[in-house]
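S.K.: Quick one: this structure, given as structure tokens, is what I'll be asking you about.
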Amino acid sequence: MTLVLGPPAFRGRVVLGPPALRGRAAGDPPAGPATGARRLVADPEAVDAVCGALSAHYTDEVPDAPVILVATDYCVYAADQFAARCADPARRLRPSDSVALEPSGLLQRFIAATGWRGPGYALGDPAGDGGAALRLATGLVASGRAGTAYVCEVLRRADTGAFTAVATRLRPAATEPFHAGEPFHTAAERPAWLDDATWERSAIVREYLRARAGRLPARADRAA
């Protein structure tokens with residue numbers, strides 16, 4: 001599946017790759033406590049999900065492409081955890097407690113696994129989805145400031161606390177004209193373990209569903 005994005009004001013058209021989804025299945029036990037070096041990074045379950053989703057799209061042909069993280073859910077979770085630890089008289093604060101507040105830590109395993117060395121951006125949005133991130137990435141690619149860009153939504157389930165990462169890659173469209181009637185093809189389908197709320201919250205998934213429905217190419221300014 002390729003999804004054409006970009007308002008007419010942009011210099012070029014951009015295609016959005018199919019969503020890659022990684023996370024913990026409903027009913028699975030929570031991840032075990034982090035030990036060793038993994039205690040010094042962001043929540044290990046979220047880190048693993050981000051690494052898996054971004055790695056599914058990563059190409060080492062553009063190792064310095066920007067990554068835009070949608071970190072609202074993670075930042076709220078990390079801030080709540082930090083506040084609870086500060087209020088616990090029986091617990092001393094550790095360096096890892098404050099390190100976990102930094103959303104850039106979500107990229108640490110991805111960096112180690114791929115060698116990516118591009119700029120990273122973490123966005124917070126009241127909606128908590130990737131609408132603003134898709135618009136930013138579209139602008140970077142369509143304007144020529146980036147040859148490709150990655151967007152990764154880090155979404156957290158309210159009931160189980162499990163993290164799901166949804167990632168995509170944006171790149172310039174081919175030179176041949178796009179025809180609205182062309183079919184979209186993708187190997188990406190909804191995983192059986194993914195809950196309805198997370199599937200429906202993802203702006204990346206919403207764009208994917210619009211394309212599969214055979215609608216006109218969705219514009220980035222409608223991704224919110």
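The chains in the structure tokens are called A, B, ... from first to last as shown; in each chain the residues are counted from 1, and the ligands are counted from 1 in the order shown.
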Select from region 41-135 of chain A every residue with an atom at most 8 Å from any atom of region 143-167 of chain A, then for each give the shortest pair of atoms and their distance in Å to one decimal, using only C-alpha atoms, rows by chain and rising number, as a tab-separated table.

M.R.:
```
residue	atom	partner	partner_atom	distance
A:Glu45	CA	A:Phe163	CA	6.8
A:Ala46	CA	A:Phe163	CA	5.5
A:Ala49	CA	A:Ala165	CA	5.3
A:Val50	CA	A:Ala165	CA	5.3
A:Ala53	CA	A:Ala167	CA	5.4
A:Leu54	CA	A:Ala167	CA	5.6
A:His57	CA	A:Ala167	CA	7.7
A:Val62	CA	A:Thr148	CA	7.4
A:Ala65	CA	A:Ala149	CA	5.4
A:Pro66	CA	A:Ala149	CA	5.1
A:Val67	CA	A:Tyr150	CA	4.7
A:Ile68	CA	A:Val151	CA	4.8
A:Leu69	CA	A:Cys152	CA	5.0
A:Val70	CA	A:Glu153	CA	4.6
A:Ala71	CA	A:Val154	CA	5.7
A:Thr72	CA	A:Val154	CA	7.7
A:Asp73	CA	A:Leu155	CA	5.7
A:Tyr74	CA	A:Val154	CA	6.7
A:Gly128	CA	A:Leu155	CA	7.6
A:Asp129	CA	A:Glu153	CA	6.5
A:Gly130	CA	A:Glu153	CA	5.8
A:Ala133	CA	A:Val151	CA	6.5
A:Leu134	CA	A:Val151	CA	6.7
```

S.K.: DSSP says strand (DSSP E or B) for which residues of region 54-127 of chain A? Put them as JSON, numbers by chain?

M.R.: {"A": [67, 68, 69, 70, 120, 121, 122, 123]}

S.K.: Which distance in Å separates CA of Ser55 (chain A) and CA of Leu170 (chain A), to one decimal?

M.R.: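 Going from CA of Ser55 (chain A) over to CA of Leu170 (chain A) covers 14.1 Å.
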
S.K.: Take CA of Arg94 (chain A) and CA of Arg24 (chain A) and report the distance between them in Å, one decimal.

M.R.: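 Interatomic distance, CA of Arg94 (chain A) to CA of Arg24 (chain A): 26.9 Å.
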
S.K.: Between CA of Pro18 (chain A) and CA of Pro191 (chain A), what is the distance in Å, rounded to a tenth?

M.R.: 13.3 Å

S.K.: Compare A:Glu207, A:Asp43, A:Glu189, A:Asp64 by their minimum atom-to-atom distance to Ile111 (chain A), counting only C-alpha atoms, and give me the closest one.

M.R.: A:Asp64

S.K.: Which of region 110-187 of chain A end up as alpha helix (DSSP H) when DSSP is run on this backbone - answer as a list in words?

M.R.: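 These are the residues in question: Phe110, Ile111, Ala112, Ala113, Thr114, Gly131, Ala132, Ala133, Leu134, Arg135, Leu136, Ala137, Thr138, Gly139, Leu140, Val141 and Ala142 of chain A.
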
S.K.: Can you write just those residues out, N, CA, C and O atoms, as a short mmCIF file (atom, residue, chain, number, x, y, z; two decimals), in the first residue's frame?

M.R.:
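Below is the file that was written, out-v4.cif:
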```
data_model
loop_
_atom_site.label_atom_id
_atom_site.label_comp_id
_atom_site.auth_asym_id
_atom_site.auth_seq_id
_atom_site.Cartn_x
_atom_site.Cartn_y
_atom_site.Cartn_z
N PHE A 110 16.74 0.97 18.80
CA PHE A 110 16.70 1.14 17.34
C PHE A 110 18.04 1.63 16.82
O PHE A 110 18.55 1.15 15.80
N ILE A 111 18.65 2.59 17.51
CA ILE A 111 19.96 3.10 17.10
C ILE A 111 21.01 2.00 17.14
O ILE A 111 21.80 1.82 16.21
N ALA A 112 21.01 1.24 18.23
CA ALA A 112 22.00 0.17 18.38
C ALA A 112 21.81 -0.92 17.33
O ALA A 112 22.79 -1.50 16.85
N ALA A 113 20.56 -1.19 16.96
CA ALA A 113 20.28 -2.29 16.03
C ALA A 113 20.54 -1.90 14.58
O ALA A 113 20.90 -2.77 13.76
N THR A 114 20.38 -0.64 14.23
CA THR A 114 20.44 -0.24 12.82
C THR A 114 21.59 0.69 12.47
O THR A 114 21.95 0.80 11.30
N GLY A 131 -1.23 12.62 13.90
CA GLY A 131 -1.65 13.56 12.88
C GLY A 131 -0.64 14.67 12.67
O GLY A 131 -0.24 14.96 11.53
N ALA A 132 -0.19 15.32 13.75
CA ALA A 132 0.78 16.41 13.62
C ALA A 132 2.12 15.89 13.10
O ALA A 132 2.79 16.56 12.31
N ALA A 133 2.51 14.71 13.53
CA ALA A 133 3.78 14.13 13.08
C ALA A 133 3.75 13.82 11.58
O ALA A 133 4.73 14.05 10.87
N LEU A 134 2.63 13.33 11.08
CA LEU A 134 2.51 13.08 9.65
C LEU A 134 2.60 14.37 8.85
O LEU A 134 3.22 14.41 7.78
N ARG A 135 2.00 15.42 9.36
CA ARG A 135 2.08 16.70 8.66
C ARG A 135 3.51 17.23 8.64
O ARG A 135 3.98 17.74 7.62
N LEU A 136 4.21 17.11 9.76
CA LEU A 136 5.60 17.55 9.81
C LEU A 136 6.47 16.74 8.86
O LEU A 136 7.26 17.30 8.09
N ALA A 137 6.33 15.42 8.91
CA ALA A 137 7.15 14.57 8.04
C ALA A 137 6.85 14.83 6.57
O ALA A 137 7.76 14.85 5.73
N THR A 138 5.58 15.02 6.25
CA THR A 138 5.21 15.32 4.87
C THR A 138 5.86 16.61 4.40
O THR A 138 6.37 16.70 3.27
N GLY A 139 5.85 17.63 5.25
CA GLY A 139 6.47 18.88 4.89
C GLY A 139 7.97 18.75 4.66
O GLY A 139 8.52 19.32 3.72
N LEU A 140 8.64 17.98 5.52
CA LEU A 140 10.09 17.79 5.37
C LEU A 140 10.43 17.11 4.05
O LEU A 140 11.37 17.51 3.35
N VAL A 141 9.67 16.07 3.71
CA VAL A 141 9.98 15.31 2.50
C VAL A 141 9.53 16.06 1.25
O VAL A 141 10.26 16.16 0.27
N ALA A 142 8.32 16.60 1.28
CA ALA A 142 7.79 17.27 0.09
C ALA A 142 8.58 18.53 -0.26
O ALA A 142 8.69 18.90 -1.43
#
```

S.K.: Using only C-alpha atoms, pick whichever of A:Arg206, A:Ala87, A:Trp193, A:Arg169 has the shortest atom-to-atom distance to Val15 (chain A).

M.R.: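 Using only C-alpha atoms, the shortest distance to Val15 (chain A) belongs to A:Arg169.
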
S.K.: With distances taken over only C-alpha atoms, which residue among A:Leu21, A:Cys51, A:Ala197, A:Val14 lies nearest Gly115 (chain A)?

M.R.: A:Cys51
